[in-house]
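A.B. asks: For reference, the structure I am asking about is given below.
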Amino acid sequence: MGLLSLIFLSGCFAGGNRTTWEYMPDMADSPALKAQKYEADLPHHRAMLTPPEGTIPRGYQPYAYKDDPEGAARELQNPLPRTEAVLLGGQKTFNIYCATCHGPKGLGDGSVVPPFPRPPSLQSDKVRTWSDGRIFHVITVGQNLMPSYASQLDPQQRWAVIQYMRALQLAENPSDANVEAYKTERRTSDIEHREKK
Ligand code: HEC
């Protein structure tokens with residue numbers, strides 16, 4: 001206790017313009033480095049360190065099929081159910097990121113075409129018979145003129161967009177059963193509508 005009060009009081013006695021005695025000043029004078037400033041004394045001449053090779057951002061999932069579209073087609077499964085919420089999310093993403101080139105129904109008539117070259121139809125037999133994994137591959141790594149959307153859309157958004165593409169394809173190529181189901185649905189909702197009035 002005696003020692004503590006001595007240290008404490010030494011500040012009071014110093015008074016006037018005299019610099020007070022600093023006890024263990026290391027923390028007070030710690031060097032502050034600016035991340036991007038040139039630092040002559042540091043090994044890499046900057047405070048920022050280069051991340052070790054293979055470092056990935058938190059939450060990032062490495063894509064294992066970069067040069068292997070067939071592997072992606074075979075092994076990747078769409079983890080999302082075709083629910084209304086998923087479809088609405090996919091629709092929003094499609095209309096923002098895909099429709100500009102591919103058009104609102106995927107026919108290749110987006111607003112930037114021309115001057116952008118007309119992309120192939122997403123309603124083709126080819127894309128309709130592609131697995132979800134194969135389409136995921138195109139969105140993830142791109143294909144020729146089409147850029148990768150991996151940095152704009154996380155995997156969940158990519159899978160949701162594929163569910164919405166499937167809904168667009170179904171709407172353009174309904175089976176007889178689909179048409180019947182639609183008519184019944186319409187009739188029922190018409191009746192419900194009338195009954196409510
Ligand atoms: C900048 C314009 C552009 C945008 C935006 C775009 N695409 Fe494409 N897409 C293309 C072009 C061009 C091709 C054809 C590439 C080629 O020649 O192989 C293509 C090809 C594809 C194919 C393969 C079709 C085939 O027959 O090979 C799929 C699937 C596809 N796009 C889906 C999407 C989806 C889903 C999105 C939104 C996430 C999207 N595209 C956004 C331009 C675009």
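Simple scheme: letters A, B, ... for chains in structure tokens order, numbers from 1 for residues in each chain, numbers from 1 for ligands in the order shown.
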For ligand 1, collect every residue having any atom at a distance of at most 6 Å from a ligand atom (counting only C-alpha atoms and all ligand atoms); output as JSON, numbers by chain.
C.D. replies: {"A": [94, 97, 98, 100, 101, 119, 120, 122, 127, 135, 138, 139, 143, 144, 145, 146]}
A.B. asks: Could those selected residues go to a file with all heavy atoms, as a CSV table (one decimal), in the first residue's frame?
C.D. replies:
```
chain,number,residue,atom,x,y,z
A,94,PHE,N,-33.6,-14.2,-60.3
A,94,PHE,CA,-33.5,-14.4,-61.8
A,94,PHE,C,-33.8,-13.1,-62.5
A,94,PHE,O,-33.1,-12.7,-63.4
A,94,PHE,CB,-34.6,-15.4,-62.2
A,94,PHE,CG,-34.6,-15.7,-63.7
A,94,PHE,CD1,-33.8,-16.8,-64.1
A,94,PHE,CD2,-35.3,-15.0,-64.6
A,94,PHE,CE1,-33.7,-17.1,-65.5
A,94,PHE,CE2,-35.2,-15.3,-65.9
A,94,PHE,CZ,-34.4,-16.3,-66.4
A,97,TYR,N,-30.6,-10.8,-61.9
A,97,TYR,CA,-29.3,-11.2,-62.4
A,97,TYR,C,-29.3,-12.0,-63.8
A,97,TYR,O,-28.3,-12.0,-64.4
A,97,TYR,CB,-28.6,-12.1,-61.4
A,97,TYR,CG,-28.1,-11.4,-60.2
A,97,TYR,CD1,-28.9,-11.4,-59.0
A,97,TYR,CD2,-27.0,-10.6,-60.1
A,97,TYR,CE1,-28.6,-10.7,-57.9
A,97,TYR,CE2,-26.6,-9.9,-59.0
A,97,TYR,CZ,-27.4,-10.0,-57.9
A,97,TYR,OH,-27.0,-9.3,-56.8
A,98,CYS,N,-30.4,-12.5,-64.1
A,98,CYS,CA,-30.4,-13.4,-65.3
A,98,CYS,C,-31.2,-12.8,-66.5
A,98,CYS,O,-30.8,-12.9,-67.6
A,98,CYS,CB,-30.9,-14.8,-65.0
A,98,CYS,SG,-30.3,-15.5,-63.4
A,100,THR,N,-31.7,-9.9,-67.6
A,100,THR,CA,-31.1,-8.9,-68.4
A,100,THR,C,-30.6,-9.5,-69.7
A,100,THR,O,-30.8,-8.8,-70.8
A,100,THR,CB,-30.0,-8.2,-67.7
A,100,THR,OG1,-29.3,-9.2,-66.9
A,100,THR,CG2,-30.4,-7.1,-66.8
A,101,CYS,N,-30.1,-10.6,-69.7
A,101,CYS,CA,-29.6,-11.3,-70.9
A,101,CYS,C,-30.6,-12.4,-71.4
A,101,CYS,O,-30.9,-12.4,-72.6
A,101,CYS,CB,-28.2,-12.0,-70.6
A,101,CYS,SG,-26.9,-10.8,-70.3
A,119,PRO,N,-28.2,-14.9,-76.0
A,119,PRO,CA,-27.8,-16.2,-75.3
A,119,PRO,C,-28.7,-17.3,-75.7
A,119,PRO,O,-29.9,-17.0,-76.2
A,119,PRO,CB,-27.9,-15.9,-73.8
A,119,PRO,CG,-28.7,-14.7,-73.7
A,119,PRO,CD,-28.8,-14.0,-75.0
A,120,PRO,N,-28.3,-18.6,-75.6
A,120,PRO,CA,-29.2,-19.7,-76.0
A,120,PRO,C,-30.4,-19.7,-75.0
A,120,PRO,O,-30.3,-19.2,-73.9
A,120,PRO,CB,-28.3,-20.9,-75.7
A,120,PRO,CG,-27.2,-20.5,-74.8
A,120,PRO,CD,-27.0,-19.0,-75.1
A,122,LEU,N,-33.1,-20.8,-72.4
A,122,LEU,CA,-33.1,-21.7,-71.2
A,122,LEU,C,-34.3,-22.7,-71.3
A,122,LEU,O,-34.5,-23.5,-70.4
A,122,LEU,CB,-33.1,-20.9,-69.9
A,122,LEU,CG,-32.0,-19.9,-69.7
A,122,LEU,CD1,-32.1,-19.1,-68.4
A,122,LEU,CD2,-30.6,-20.6,-69.8
A,127,VAL,N,-31.3,-27.7,-72.0
A,127,VAL,CA,-31.3,-27.2,-70.7
A,127,VAL,C,-32.4,-27.9,-69.8
A,127,VAL,O,-32.2,-28.1,-68.6
A,127,VAL,CB,-31.3,-25.7,-70.6
A,127,VAL,CG1,-31.3,-25.2,-69.2
A,127,VAL,CG2,-30.2,-25.0,-71.4
A,135,ILE,N,-26.7,-27.1,-64.3
A,135,ILE,CA,-27.0,-25.7,-64.4
A,135,ILE,C,-26.3,-24.9,-63.3
A,135,ILE,O,-25.7,-23.8,-63.5
A,135,ILE,CB,-28.5,-25.4,-64.2
A,135,ILE,CG1,-29.3,-26.2,-65.4
A,135,ILE,CG2,-28.9,-24.0,-64.3
A,135,ILE,CD1,-30.8,-26.1,-65.3
A,138,VAL,N,-22.9,-24.0,-64.5
A,138,VAL,CA,-22.8,-22.8,-65.4
A,138,VAL,C,-22.9,-21.5,-64.5
A,138,VAL,O,-22.1,-20.6,-64.7
A,138,VAL,CB,-23.9,-22.8,-66.4
A,138,VAL,CG1,-23.9,-21.5,-67.2
A,138,VAL,CG2,-23.8,-24.0,-67.3
A,139,ILE,N,-23.8,-21.4,-63.6
A,139,ILE,CA,-23.9,-20.2,-62.8
A,139,ILE,C,-22.7,-20.0,-61.9
A,139,ILE,O,-22.2,-18.9,-61.8
A,139,ILE,CB,-25.2,-20.3,-61.8
A,139,ILE,CG1,-26.4,-20.7,-62.6
A,139,ILE,CG2,-25.4,-18.9,-61.1
A,139,ILE,CD1,-27.7,-20.9,-61.8
A,143,GLN,N,-19.8,-19.6,-68.5
A,143,GLN,CA,-19.6,-20.5,-69.7
A,143,GLN,C,-19.4,-19.5,-70.9
A,143,GLN,O,-20.3,-18.7,-71.2
A,143,GLN,CB,-20.9,-21.3,-69.9
A,143,GLN,CG,-20.9,-22.2,-71.1
A,143,GLN,CD,-22.1,-23.0,-71.3
A,143,GLN,OE1,-22.5,-23.9,-70.4
A,143,GLN,NE2,-22.9,-22.8,-72.3
A,144,ASN,N,-18.2,-19.6,-71.4
A,144,ASN,CA,-17.8,-18.7,-72.5
A,144,ASN,C,-18.2,-17.3,-72.2
A,144,ASN,O,-17.6,-16.7,-71.3
A,144,ASN,CB,-18.5,-19.2,-73.9
A,144,ASN,CG,-18.0,-20.6,-74.2
A,144,ASN,OD1,-16.9,-21.0,-74.0
A,144,ASN,ND2,-19.0,-21.4,-74.6
A,145,LEU,N,-19.1,-16.7,-73.0
A,145,LEU,CA,-19.4,-15.2,-72.8
A,145,LEU,C,-20.1,-15.0,-71.4
A,145,LEU,O,-20.1,-13.8,-71.0
A,145,LEU,CB,-20.3,-14.7,-73.9
A,145,LEU,CG,-19.6,-14.1,-75.1
A,145,LEU,CD1,-20.7,-13.5,-76.0
A,145,LEU,CD2,-18.7,-13.0,-74.7
A,146,MET,N,-20.7,-16.0,-70.9
A,146,MET,CA,-21.5,-15.7,-69.6
A,146,MET,C,-20.5,-15.8,-68.4
A,146,MET,O,-19.8,-16.8,-68.3
A,146,MET,CB,-22.6,-16.8,-69.4
A,146,MET,CG,-23.2,-16.6,-68.1
A,146,MET,SD,-24.7,-17.7,-67.9
A,146,MET,CE,-24.6,-17.9,-66.1
```
A.B. asks: Determine which residues of chain A DSSP labels as helix (DSSP H, G or I) from the backbone of this structure, then write them out as an MDAnalysis selection string.
C.D. replies: chainID A and resid 2:14 69:75 84:102 125:129 132:141 155:172 176:196
A.B. asks: Under the rule that only C-alpha atoms are counted, which of A:Trp21, A:Trp130, A:Phe116, A:Trp159 is the nearest residue to A:Glu70?
C.D. replies: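 Looking only at the distances to A:Glu70, the closest residue turns out to be A:Trp130.
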A.B. asks: Which residues, written as a ChimeraX atom specification, have at least one atom at most 12 Å from A:Ser121, with only C-alpha atoms counted and residues fewer than 3 positions away on the same chain left out?
C.D. replies: /A:98-99,101-110,118,124-128,165,168-169,172
A.B. asks: Between atom CA of A:Lys92 and atom CA of A:Val161, what is the spacing in Å?
C.D. replies: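 These two atoms are separated by 8.4 Å.
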A.B. asks: Can you tell me how far atom CA of A:Ala72 sits from atom CA of A:Asp132, in Å to one decimal?
C.D. replies: 9.0 Å
A.B. asks: Which of these, A:Thr83, A:Thr129, A:Thr184, A:Gln123, has the shortest distance to A:Ala171 once you count only C-alpha atoms?
C.D. replies: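 Closest residue, counting only C-alpha atoms: A:Gln123.
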